[in-house]
file query-v9.cif (mmCIF, C-alpha atoms and all ligand atoms)
data_run
#
loop_
_atom_site.label_atom_id
_atom_site.label_comp_id
_atom_site.auth_asym_id
_atom_site.auth_seq_id
_atom_site.Cartn_x
_atom_site.Cartn_y
_atom_site.Cartn_z
CA MET Y 6 -4.96 219.58 169.90
CA SER Y 7 -5.13 216.47 167.68
CA SER Y 8 -6.97 216.73 164.40
CA SER Y 9 -9.62 214.24 165.52
CA SER Y 10 -10.54 216.38 168.51
CA ALA Y 11 -11.01 219.48 166.36
CA ARG Y 12 -14.54 218.51 165.45
CA LEU Y 13 -17.24 220.80 166.69
CA LEU Y 14 -20.92 219.92 166.67
CA VAL Y 15 -23.44 222.75 166.49
CA ALA Y 16 -26.82 221.62 167.81
CA ASN Y 17 -30.02 223.49 167.03
CA ILE Y 18 -32.72 222.49 169.50
CA GLY Y 19 -36.48 222.82 169.08
CA SER Y 20 -39.15 221.52 171.41
CA THR Y 21 -39.56 218.44 169.18
CA SER Y 22 -36.60 218.78 166.85
CA PHE Y 23 -32.85 218.29 166.88
CA LYS Y 24 -30.73 219.61 164.02
CA PHE Y 25 -26.98 219.66 163.80
CA ARG Y 26 -23.99 220.61 161.73
CA LEU Y 27 -20.57 219.12 162.31
CA PHE Y 28 -17.60 221.35 161.53
CA GLU Y 29 -13.89 220.80 161.40
CA MET Y 30 -12.31 223.67 163.29
CA PRO Y 31 -10.67 226.05 162.84
CA SER Y 32 -10.98 225.46 159.06
CA GLU Y 33 -14.80 225.74 159.39
CA ARG Y 34 -15.17 222.90 156.89
CA LEU Y 35 -18.65 221.43 157.07
CA LEU Y 36 -18.29 217.66 157.60
CA ALA Y 37 -21.93 216.65 157.98
CA ARG Y 38 -25.40 217.90 158.74
CA GLY Y 39 -28.69 216.37 159.72
CA GLY Y 40 -31.78 216.63 161.79
CA ALA Y 41 -34.81 214.95 163.24
CA ASP Y 42 -38.36 216.27 163.62
CA ARG Y 43 -41.29 215.06 165.70
CA ILE Y 44 -39.14 213.74 168.51
CA GLY Y 45 -41.45 212.16 171.09
CA ALA Y 46 -44.11 211.22 168.51
CA ALA Y 47 -44.72 207.62 167.41
CA GLU Y 48 -42.66 208.25 164.30
CA SER Y 49 -39.83 210.78 163.96
CA GLU Y 50 -38.43 211.83 160.59
CA TRP Y 51 -34.70 212.25 160.16
CA SER Y 52 -32.28 213.31 157.45
CA PHE Y 53 -28.52 213.08 157.26
CA ALA Y 54 -25.75 214.05 154.87
CA ALA Y 55 -22.01 213.74 155.24
CA THR Y 56 -20.25 216.22 152.97
CA GLY Y 57 -19.40 214.59 149.65
CA ALA Y 58 -21.59 211.55 150.30
CA GLU Y 59 -25.13 210.74 149.33
CA ALA Y 60 -27.83 212.12 151.62
CA SER Y 61 -30.19 209.77 153.41
CA LYS Y 62 -33.45 210.12 155.27
CA GLY Y 63 -35.90 207.91 157.05
CA ALA Y 64 -38.30 207.40 159.90
CA ALA Y 65 -37.58 206.09 163.40
CA CYS Y 66 -38.96 206.26 166.89
CA PHE Y 67 -37.04 208.79 168.96
CA THR Y 68 -38.48 209.04 172.45
CA GLY Y 69 -36.20 211.95 173.37
CA TYR Y 70 -33.06 213.86 172.36
CA ALA Y 71 -30.84 210.99 173.58
CA ASP Y 72 -32.28 208.66 170.91
CA ALA Y 73 -31.71 211.20 168.16
CA ILE Y 74 -28.17 211.91 169.38
CA ALA Y 75 -27.35 208.18 169.42
CA HIS Y 76 -28.85 207.76 165.93
CA PHE Y 77 -26.73 210.53 164.40
CA GLU Y 78 -23.61 209.40 166.26
CA ARG Y 79 -24.07 205.99 164.65
CA LEU Y 80 -24.62 207.47 161.15
CA LEU Y 81 -21.52 209.63 161.54
CA ARG Y 82 -19.49 206.60 162.63
CA GLU Y 83 -20.77 204.56 159.67
CA ALA Y 84 -19.92 207.44 157.33
CA GLY Y 85 -16.38 207.45 158.76
CA VAL Y 86 -16.68 211.05 159.97
CA ILE Y 87 -16.23 210.58 163.72
CA ASP Y 88 -16.08 207.50 165.99
CA SER Y 89 -17.92 208.94 168.93
CA PHE Y 90 -19.22 212.30 170.18
CA ARG Y 91 -16.72 211.73 172.99
CA ASP Y 92 -14.10 212.81 170.43
CA LEU Y 93 -15.73 216.19 169.84
CA ALA Y 94 -13.89 219.32 170.95
CA ALA Y 95 -17.21 220.82 172.04
CA VAL Y 96 -20.91 221.10 171.28
CA GLY Y 97 -22.12 224.60 170.42
CA PHE Y 98 -25.67 225.78 171.08
CA LYS Y 99 -27.82 228.79 170.30
CA PRO Y 100 -29.86 229.29 173.50
CA VAL Y 101 -32.21 232.25 173.68
CA MET Y 102 -31.82 234.00 177.01
CA ALA Y 103 -30.80 233.53 180.62
CA ARG Y 104 -31.35 235.76 183.65
CA ASP Y 105 -28.51 238.29 183.88
CA ILE Y 106 -26.22 236.20 181.63
CA SER Y 107 -25.48 236.74 177.93
CA GLY Y 108 -22.58 236.41 175.49
CA THR Y 109 -20.88 233.04 174.91
CA GLN Y 110 -20.89 230.76 177.95
CA ILE Y 111 -19.80 227.29 178.94
CA PHE Y 112 -22.94 225.60 180.27
CA ASP Y 113 -22.49 224.91 183.95
CA GLU Y 114 -25.11 224.73 186.68
CA ARG Y 115 -25.05 228.52 187.14
CA VAL Y 116 -25.88 229.12 183.45
CA LEU Y 117 -28.51 226.37 183.31
CA ALA Y 118 -30.17 227.70 186.47
CA ALA Y 119 -30.26 231.19 184.94
CA MET Y 120 -32.07 229.71 181.92
CA GLU Y 121 -34.46 227.77 184.13
CA ALA Y 122 -35.29 231.02 185.92
CA LEU Y 123 -36.83 232.31 182.67
CA TYR Y 124 -39.01 229.31 181.73
CA THR Y 125 -42.17 231.41 181.99
CA LEU Y 126 -40.84 234.01 179.56
CA PHE Y 127 -39.42 231.48 177.09
CA PRO Y 128 -41.65 228.42 177.42
CA ALA Y 129 -41.00 227.18 173.88
CA HIS Y 130 -37.24 227.77 173.92
CA ASN Y 131 -35.54 227.45 177.31
CA PRO Y 132 -36.85 224.04 178.51
CA PRO Y 133 -35.78 222.16 175.34
CA TYR Y 134 -32.33 223.76 175.41
CA VAL Y 135 -31.74 222.98 179.07
CA ASN Y 136 -32.96 219.40 178.53
CA ALA Y 137 -30.76 218.85 175.47
CA VAL Y 138 -27.66 220.26 177.19
CA ARG Y 139 -28.29 218.03 180.21
CA GLU Y 140 -28.60 215.03 177.87
CA PHE Y 141 -25.23 215.78 176.27
CA GLN Y 142 -23.66 216.27 179.72
CA ARG Y 143 -25.14 212.98 180.93
CA LEU Y 144 -24.10 211.01 177.83
CA TYR Y 145 -20.64 212.55 177.44
CA PRO Y 146 -19.32 213.73 180.82
CA GLY Y 147 -16.54 216.27 180.40
CA LEU Y 148 -17.54 217.28 176.85
CA PRO Y 149 -17.72 221.10 176.85
CA CYS Y 150 -21.18 222.40 175.97
CA ILE Y 151 -20.93 226.05 174.96
CA GLY Y 152 -23.75 228.41 174.02
CA THR Y 153 -23.92 231.81 172.39
CA PHE Y 154 -27.08 233.45 173.66
CA GLU Y 155 -29.38 234.99 171.06
CA THR Y 156 -29.18 238.17 173.08
CA ALA Y 157 -25.38 238.46 172.72
CA PHE Y 158 -25.51 240.73 169.66
CA TYR Y 159 -27.56 243.24 171.69
CA ASP Y 160 -25.38 243.42 174.79
CA HIS Y 161 -24.25 246.94 173.94
CA LEU Y 162 -27.52 248.52 172.85
CA PRO Y 163 -27.77 252.18 173.76
CA ARG Y 164 -29.71 252.42 177.04
CA ALA Y 165 -32.68 254.19 175.42
CA ALA Y 166 -33.13 251.21 173.09
CA THR Y 167 -33.44 248.89 176.10
CA ARG Y 168 -36.16 250.81 177.92
CA PHE Y 169 -39.90 250.32 178.03
CA PRO Y 170 -42.05 253.21 179.15
CA VAL Y 171 -42.93 251.55 182.47
CA PRO Y 172 -42.23 252.57 186.09
CA LEU Y 173 -38.50 252.82 186.74
CA GLU Y 174 -38.82 250.26 189.51
CA TRP Y 175 -40.03 247.64 187.02
CA GLU Y 176 -36.89 248.14 184.99
CA ARG Y 177 -34.49 248.21 187.95
CA LYS Y 178 -36.10 245.68 190.25
CA TYR Y 179 -37.84 243.29 187.87
CA GLY Y 180 -35.71 243.58 184.73
CA ILE Y 181 -38.58 244.62 182.46
CA ARG Y 182 -36.54 245.85 179.53
CA ARG Y 183 -35.95 245.35 175.82
CA THR Y 184 -33.30 243.16 174.27
CA GLY Y 185 -33.14 241.25 170.98
CA PHE Y 186 -32.93 237.77 169.48
CA HIS Y 187 -31.73 236.21 166.20
CA GLY Y 188 -28.39 237.67 167.26
CA ALA Y 189 -26.27 235.06 165.46
CA SER Y 190 -28.19 235.57 162.22
CA HIS Y 191 -28.07 239.38 162.26
CA ARG Y 192 -24.38 239.20 163.17
CA PHE Y 193 -23.64 236.81 160.31
CA VAL Y 194 -25.46 238.71 157.56
CA THR Y 195 -24.27 242.15 158.62
CA GLU Y 196 -20.65 240.98 158.89
CA ARG Y 197 -21.00 239.33 155.50
CA ALA Y 198 -22.49 242.54 154.03
CA ALA Y 199 -19.50 244.47 155.40
CA GLU Y 200 -17.14 241.91 153.88
CA LEU Y 201 -18.89 242.11 150.50
CA ARG Y 202 -18.82 245.91 150.59
CA GLY Y 203 -15.23 246.03 151.83
CA SER Y 204 -16.11 248.36 154.71
CA LYS Y 205 -17.20 248.03 158.31
CA GLN Y 206 -18.47 251.61 158.40
CA LEU Y 207 -21.99 250.85 157.24
CA LYS Y 208 -25.55 251.56 158.24
CA ILE Y 209 -27.45 248.31 157.77
CA VAL Y 210 -31.08 247.34 158.25
CA SER Y 211 -31.15 243.56 158.57
CA CYS Y 212 -34.45 241.74 157.98
CA HIS Y 213 -34.52 238.16 159.29
CA LEU Y 214 -37.89 236.93 158.01
CA GLY Y 215 -38.63 233.28 158.76
CA GLY Y 216 -40.66 231.14 161.12
CA SER Y 217 -39.93 233.90 163.56
CA SER Y 218 -38.95 237.28 162.23
CA SER Y 219 -37.09 240.36 163.37
CA ILE Y 220 -35.43 243.49 162.07
CA CYS Y 221 -32.23 244.92 163.44
CA ALA Y 222 -30.58 248.31 162.94
CA VAL Y 223 -26.80 248.04 162.81
CA ARG Y 224 -24.30 250.87 162.73
CA ASP Y 225 -20.60 250.11 162.09
CA GLY Y 226 -21.06 246.46 163.08
CA LYS Y 227 -23.03 247.11 166.29
CA ALA Y 228 -26.74 246.59 166.90
CA VAL Y 229 -28.34 249.88 167.89
CA ASP Y 230 -32.02 248.89 167.87
CA SER Y 231 -34.29 246.00 166.97
CA SER Y 232 -37.91 245.10 166.49
CA TRP Y 233 -37.83 242.88 169.57
CA GLY Y 234 -39.14 243.74 173.01
CA MET Y 235 -38.47 241.51 176.00
CA THR Y 236 -39.32 238.05 174.63
CA PRO Y 237 -39.70 236.29 171.23
CA GLN Y 238 -43.41 237.04 171.70
CA SER Y 239 -42.84 240.64 170.64
CA GLY Y 240 -42.11 242.70 167.52
CA LEU Y 241 -43.22 241.53 164.09
CA PRO Y 242 -46.14 239.11 163.70
CA GLN Y 243 -44.53 235.64 163.94
CA ASN Y 244 -45.66 232.39 162.34
CA ASN Y 245 -47.87 231.41 165.29
CA ARG Y 246 -47.01 234.02 167.92
CA SER Y 247 -48.65 237.41 168.14
CA GLY Y 248 -45.74 239.84 168.07
CA ASP Y 249 -46.53 243.29 169.44
CA LEU Y 250 -49.91 243.63 171.06
CA ASP Y 251 -51.66 246.15 173.29
CA VAL Y 252 -51.30 244.55 176.73
CA PHE Y 253 -54.60 246.07 177.82
CA GLY Y 254 -56.35 243.87 175.27
CA VAL Y 255 -55.08 240.88 177.24
CA ILE Y 256 -56.17 242.36 180.56
CA HIS Y 257 -59.63 242.95 179.04
CA LEU Y 258 -59.88 239.34 177.81
CA VAL Y 259 -59.02 237.96 181.23
CA ARG Y 260 -60.66 240.42 183.59
CA ASN Y 261 -63.82 241.38 181.71
CA LEU Y 262 -64.47 238.53 179.32
CA GLY Y 263 -63.52 235.71 181.66
CA LEU Y 264 -60.89 233.99 179.51
CA ASP Y 265 -58.43 231.84 181.40
CA LEU Y 266 -54.97 233.44 181.58
CA ALA Y 267 -53.17 230.16 180.82
CA ASP Y 268 -55.36 229.67 177.77
CA VAL Y 269 -54.75 233.24 176.56
CA GLU Y 270 -51.01 232.66 177.02
CA LYS Y 271 -51.24 229.48 174.94
CA GLN Y 272 -53.26 231.17 172.19
CA LEU Y 273 -50.82 234.07 171.99
CA GLY Y 274 -47.87 231.69 171.82
CA THR Y 275 -49.18 229.03 169.45
CA ALA Y 276 -52.34 230.18 167.67
CA SER Y 277 -51.70 233.82 166.82
CA GLY Y 278 -49.48 235.62 164.31
CA LEU Y 279 -49.82 234.56 160.67
CA LYS Y 280 -51.56 231.35 161.70
CA GLY Y 281 -54.05 233.10 163.94
CA MET Y 282 -54.87 235.95 161.58
CA SER Y 283 -55.31 233.69 158.55
CA GLY Y 284 -57.48 231.17 160.37
CA LEU Y 285 -55.43 228.41 158.71
CA ASP Y 286 -53.93 225.42 160.51
CA SER Y 287 -50.50 226.70 159.63
CA GLY Y 288 -48.40 229.84 159.97
CA ASP Y 289 -46.07 228.73 157.17
CA PHE Y 290 -45.76 231.53 154.66
CA ARG Y 291 -46.12 229.16 151.70
CA ASP Y 292 -49.50 228.01 153.01
CA LEU Y 293 -50.68 231.57 153.53
CA ARG Y 294 -49.64 232.55 150.03
CA ALA Y 295 -51.35 229.54 148.47
CA ALA Y 296 -54.52 230.30 150.42
CA ALA Y 297 -54.37 234.00 149.47
CA GLU Y 298 -53.94 233.07 145.80
CA ALA Y 299 -56.97 230.79 146.11
CA GLY Y 300 -59.05 233.76 147.31
CA ASN Y 301 -58.78 233.47 151.11
CA GLU Y 302 -59.07 237.12 152.21
CA ASP Y 303 -58.01 236.47 155.80
CA ALA Y 304 -54.76 234.96 154.56
CA ALA Y 305 -54.24 237.81 152.06
CA SER Y 306 -54.75 240.48 154.70
CA ALA Y 307 -52.52 238.60 157.20
CA ILE Y 308 -49.72 238.89 154.62
CA GLU Y 309 -50.51 242.61 154.28
CA VAL Y 310 -50.26 243.04 158.06
CA PHE Y 311 -46.88 241.33 158.02
CA VAL Y 312 -45.59 243.45 155.12
CA SER Y 313 -46.83 246.62 156.76
CA ALA Y 314 -45.13 245.72 160.07
CA VAL Y 315 -41.83 245.04 158.28
CA ARG Y 316 -42.07 248.34 156.39
CA GLY Y 317 -42.87 250.13 159.63
CA TYR Y 318 -39.68 248.94 161.29
CA ILE Y 319 -37.60 249.65 158.19
CA GLY Y 320 -38.98 253.19 158.20
CA ARG Y 321 -38.20 253.62 161.88
CA PHE Y 322 -34.64 252.40 161.44
CA LEU Y 323 -34.03 254.54 158.33
CA VAL Y 324 -34.81 257.50 160.57
CA ALA Y 325 -32.80 256.16 163.54
CA LEU Y 326 -29.74 255.54 161.37
CA ASP Y 327 -30.16 258.72 159.32
CA GLY Y 328 -30.31 256.63 156.15
CA CYS Y 329 -29.08 253.20 155.23
CA ASP Y 330 -26.29 251.80 153.08
CA VAL Y 331 -27.53 248.21 152.85
CA LEU Y 332 -30.92 246.59 153.41
CA VAL Y 333 -30.48 242.84 153.90
CA PHE Y 334 -33.05 240.07 153.54
CA THR Y 335 -32.38 236.69 155.10
CA ALA Y 336 -33.98 233.48 156.57
CA GLY Y 337 -36.66 231.23 155.06
CA ILE Y 338 -39.09 233.92 153.91
CA GLY Y 339 -36.52 236.65 153.23
CA GLU Y 340 -34.27 234.41 151.14
CA ASN Y 341 -36.94 232.63 149.13
CA ASN Y 342 -39.81 234.98 148.58
CA ALA Y 343 -39.26 237.52 145.79
CA ASP Y 344 -42.90 238.73 145.79
CA LEU Y 345 -42.73 239.52 149.46
CA ARG Y 346 -39.41 241.37 149.09
CA ALA Y 347 -40.97 243.41 146.26
CA ALA Y 348 -44.03 244.19 148.40
CA ILE Y 349 -41.80 245.32 151.27
CA CYS Y 350 -39.65 247.53 149.03
CA ARG Y 351 -42.47 249.17 147.08
CA ASP Y 352 -42.89 252.97 147.06
CA MET Y 353 -39.54 253.74 148.60
CA SER Y 354 -38.39 256.28 146.02
CA PHE Y 355 -38.44 258.90 148.84
CA CYS Y 356 -35.21 257.36 150.15
CA GLY Y 357 -33.83 256.42 146.75
CA LEU Y 358 -34.41 252.68 147.09
CA GLU Y 359 -34.93 251.08 143.70
CA LEU Y 360 -35.40 247.33 143.45
CA ASP Y 361 -34.18 245.55 140.31
CA ALA Y 362 -37.30 243.52 139.48
CA ALA Y 363 -35.46 240.93 137.37
CA ALA Y 364 -32.60 240.44 139.86
CA ASN Y 365 -35.12 240.11 142.68
CA ALA Y 366 -37.26 237.59 140.81
CA ALA Y 367 -34.19 235.51 139.93
CA CYS Y 368 -32.84 235.36 143.49
CA LYS Y 369 -33.77 232.35 145.59
CA ALA Y 370 -31.64 231.51 148.59
CA THR Y 371 -28.44 232.77 147.03
CA GLU Y 372 -26.28 235.80 147.71
CA ALA Y 373 -27.35 238.59 145.37
CA VAL Y 374 -27.73 242.33 145.01
CA ILE Y 375 -31.37 242.90 144.09
CA SER Y 376 -31.35 246.71 143.79
CA THR Y 377 -30.45 248.68 140.66
CA PRO Y 378 -26.99 250.24 140.32
CA ALA Y 379 -28.64 253.65 140.74
CA SER Y 380 -30.39 252.73 144.00
CA ARG Y 381 -29.19 254.88 146.93
CA ILE Y 382 -29.81 251.94 149.27
CA GLU Y 383 -28.26 248.66 148.20
CA VAL Y 384 -30.63 245.74 148.76
CA ARG Y 385 -29.05 242.35 149.25
CA VAL Y 386 -30.18 238.80 149.89
CA ILE Y 387 -27.67 237.02 152.13
CA PRO Y 388 -28.48 233.44 153.21
CA THR Y 389 -27.93 233.27 156.92
CA ASN Y 390 -25.51 230.88 158.62
CA GLU Y 391 -26.16 231.02 162.34
CA GLU Y 392 -24.34 227.74 162.91
CA ILE Y 393 -21.00 229.09 161.77
CA VAL Y 394 -21.29 232.01 164.21
CA ILE Y 395 -22.01 229.54 167.02
CA ALA Y 396 -19.09 227.33 165.96
CA ARG Y 397 -16.69 230.29 165.80
CA ASN Y 398 -17.73 231.56 169.23
CA ALA Y 399 -17.54 228.11 170.83
CA TRP Y 400 -14.12 227.58 169.29
CA ALA Y 401 -12.90 230.97 170.57
CA LYS Y 402 -14.28 230.21 174.05
CA LEU Y 403 -12.55 226.85 174.05
CA SER Y 404 -9.24 228.46 173.14
CA GLN Y 405 -9.61 230.90 176.07
CA SER Y 406 -10.47 228.30 178.67
P1 LIG R 501 -37.22 229.02 161.37
O1 LIG R 501 -35.77 228.65 161.27
O2 LIG R 501 -37.48 230.26 162.16
O3 LIG R 501 -38.14 227.89 161.68
P2 LIG R 501 -37.03 229.50 158.52
O4 LIG R 501 -35.98 230.55 158.45
O5 LIG R 501 -36.72 228.14 158.03
O6 LIG R 501 -37.68 229.45 159.95
O7 LIG R 501 -38.30 230.05 157.72
C1 LIG R 501 -39.50 229.38 157.63
C2 LIG R 501 -40.42 230.19 156.71
O8 LIG R 501 -39.76 230.36 155.45
C3 LIG R 501 -41.75 229.53 156.46
O9 LIG R 501 -42.79 230.48 156.64
C4 LIG R 501 -41.66 229.12 155.00
O10 LIG R 501 -42.87 229.31 154.34
C5 LIG R 501 -40.64 230.05 154.42
N1 LIG R 501 -39.90 229.34 153.35
C6 LIG R 501 -38.97 228.39 153.52
N2 LIG R 501 -38.55 227.90 152.32
C7 LIG R 501 -39.26 228.57 151.39
C8 LIG R 501 -39.30 228.52 149.96
N3 LIG R 501 -38.52 227.69 149.27
N4 LIG R 501 -40.16 229.35 149.33
C9 LIG R 501 -40.95 230.21 150.03
N5 LIG R 501 -40.96 230.29 151.38
C10 LIG R 501 -40.13 229.49 152.05
#

call {"tool": "encode", "arguments": {"input": "query-v9.cif", "output": "structure tokens", "more": "lines below"}}
Ligand code: ADP
result
Amino acid sequence: MSSSSARLLVANIGSTSFKFRLFEMPSERLLARGGADRIGAAESEWSFAATGAEASKGAACFTGYADAIAHFERLLREAGVIDSFRDLAAVGFKPVMARDISGTQIFDERVLAAMEALYTLFPAHNPPYVNAVREFQRLYPGLPCIGTFETAFYDHLPRAATRFPVPLEWERKYGIRRTGFHGASHRFVTERAAELRGSKQLKIVSCHLGGSSSICAVRDGKAVDSSWGMTPQSGLPQNNRSGDLDVFGVIHLVRNLGLDLADVEKQLGTASGLKGMSGLDSGDFRDLRAAAEAGNEDAASAIEVFVSAVRGYIGRFLVALDGCDVLVFTAGIGENNADLRAAICRDMSFCGLELDAAANAACKATEAVISTPASRIEVRVIPTNEEIVIARNAWAKLSQS
């Protein structure tokens, strides 16, 4: 393979956003990164940085992913990084879930159809991914598009961890069962923790706390349980999604109180979680904290609910794993928010966890141990790098095919 073809683009797709990192493979050298928000609006914002060069940002009108892709292709050409996306070895993606398909897959019609089959379960995630992949396939015929599903890290969960207490027929016939997401992130931070500790034989509780949040129990490199249920709508309270909820509350709203099911679905998916509980316009943790500090009790108690849910899962996984060697914090909230980490780790002397207050306060989005040397559980902050996991998997898939 020529050196110019060993460029791999990792694309991170949101419903109105397109972010990317361009790697040289197999060296994993980051060549450039960038992204655009508000795609489809009158004005989209973009940012771009080629490694070693000055970063730039601006505003433009991107009517769809194709406009954003063309924009970044031009910036990369002007920066002398790559002539055309036609020269890429592959584009890697991080899709969420497909029906009966997981792992790392080359996107073909079978895989795309399996994602389309789950649009109702993943309305915010699957349609944008399918659309973006189809755009790349249309613009660059023959360019391999390869995705590692978010569920891939959970493909070998023990059966009991995949079951809901529902009729057996629902599980067998309708596929109502638990899985997990944020697989690339939990894989990255737990592998990195093992590397830093010099051992793969570790019990790890991995806390990915960000716009969406989850906790994963990992034994010897394998996920054994997670906070997720069947969709990203489950588990911890999310920025604007409910997380776990008593389903009979929903039935009551629709059947007895006359709310429209489609409206309830929308509220649970866009106006619940931290945003819903706080009553603010935003589910961004910084906004909730600022409001709480200004005396907003709904915001303060929403943060308490979040902390309590995180502590609940940590407690459950400490029991499931019979202890824990490393507790990891990662993602936007987990990496940046020392107060929240302290609140989560309070009163844990029963299991010998002792946070180092100064180390915790000093740590912002860097790798650090934030527990004391005497702590029986080591607490670490490890910035996540989902893109490199996607790039590695796409590269490995390419080498096999
Ligand atoms: P996602 O990728 O799921 O959209 P992120 O991992 O970027 O989310 O996390 C977003 C969350 O992280 C937001 O709630 C935001 O408040 C929080 N966050 C991001 N940066 C910071 C920061 N510098 N300080 C405090 N919180 C932050």

call {"tool": "residues_around", "arguments": {"input": "query-v9.cif", "residues": "range 309-318 of chain Y", "least_positions_apart": "2", "cutoff": "8 Å", "atoms": "all atoms listed in the file", "output": "list in words"}}
result
Ile220, Ser232, Leu241, Pro242, Leu279, Ala305, Ser306, Ala307, Gly320, Arg321, Phe322, Leu345, Ala348, Ile349 and Cys350 of chain Y

call {"tool": "residues_near_point", "arguments": {"input": "query-v9.cif", "point": "(-17.2, 231.1, 160.4)", "cutoff": "9 Å", "atoms": "only C-alpha atoms", "output": "PyMOL selection string"}}
result
chain Y and resi 31-33+193+390+392-398

call {"tool": "closest_atom_pairs", "arguments": {"input": "query-v9.cif", "of": "range 294-359 of chain Y", "to": "range 365-377 of chain Y", "cutoff": "7 Å", "atoms": "all atoms listed in the file", "output": "JSON lines"}}
result
{"residue": "Y:Glu340", "atom": "CA", "partner": "Y:Ala370", "partner_atom": "CA", "distance": 4.7}
{"residue": "Y:Asn341", "atom": "CA", "partner": "Y:Lys369", "partner_atom": "CA", "distance": 4.8}
{"residue": "Y:Ala343", "atom": "CA", "partner": "Y:Ala366", "partner_atom": "CA", "distance": 5.4}
{"residue": "Y:Glu359", "atom": "CA", "partner": "Y:Ser376", "partner_atom": "CA", "distance": 5.6}

call {"tool": "closest_residue", "arguments": {"input": "query-v9.cif", "among": "Y:Tyr124, Y:Trp51, Y:Phe290, Y:Phe141", "to": "Thr236 in chain Y", "atoms": "all atoms listed in the file"}}
result
Y:Tyr124

call {"tool": "atom_distance", "arguments": {"input": "query-v9.cif", "atom1": "CA of Phe23 in chain Y", "atom2": "CA of Gly108 in chain Y"}}
result
22.5 Å

call {"tool": "residues_near_ligand", "arguments": {"input": "query-v9.cif", "ligand": "ligand LIG 501 (chain R)", "cutoff": "8 Å", "atoms": "only C-alpha atoms and all ligand atoms", "output": "PyMOL selection string"}}
result
chain Y and resi 213-218+244+288-292+335-342+369-370

call {"tool": "residues_near_point", "arguments": {"input": "query-v9.cif", "point": "(-38.3, 210.9, 156.5)", "cutoff": "12 Å", "atoms": "all atoms listed in the file", "output": "VMD selection string"}}
result
chain Y and resid 39 to 43 48 to 53 60 to 66

call {"tool": "residues_around", "arguments": {"input": "query-v9.cif", "residues": "Ala165 in chain Y", "least_positions_apart": "3", "cutoff": "12 Å", "atoms": "all atoms listed in the file", "output": "MDAnalysis selection string"}}
result
chainID Y and resid 161:162 168:170 182:184 229:231
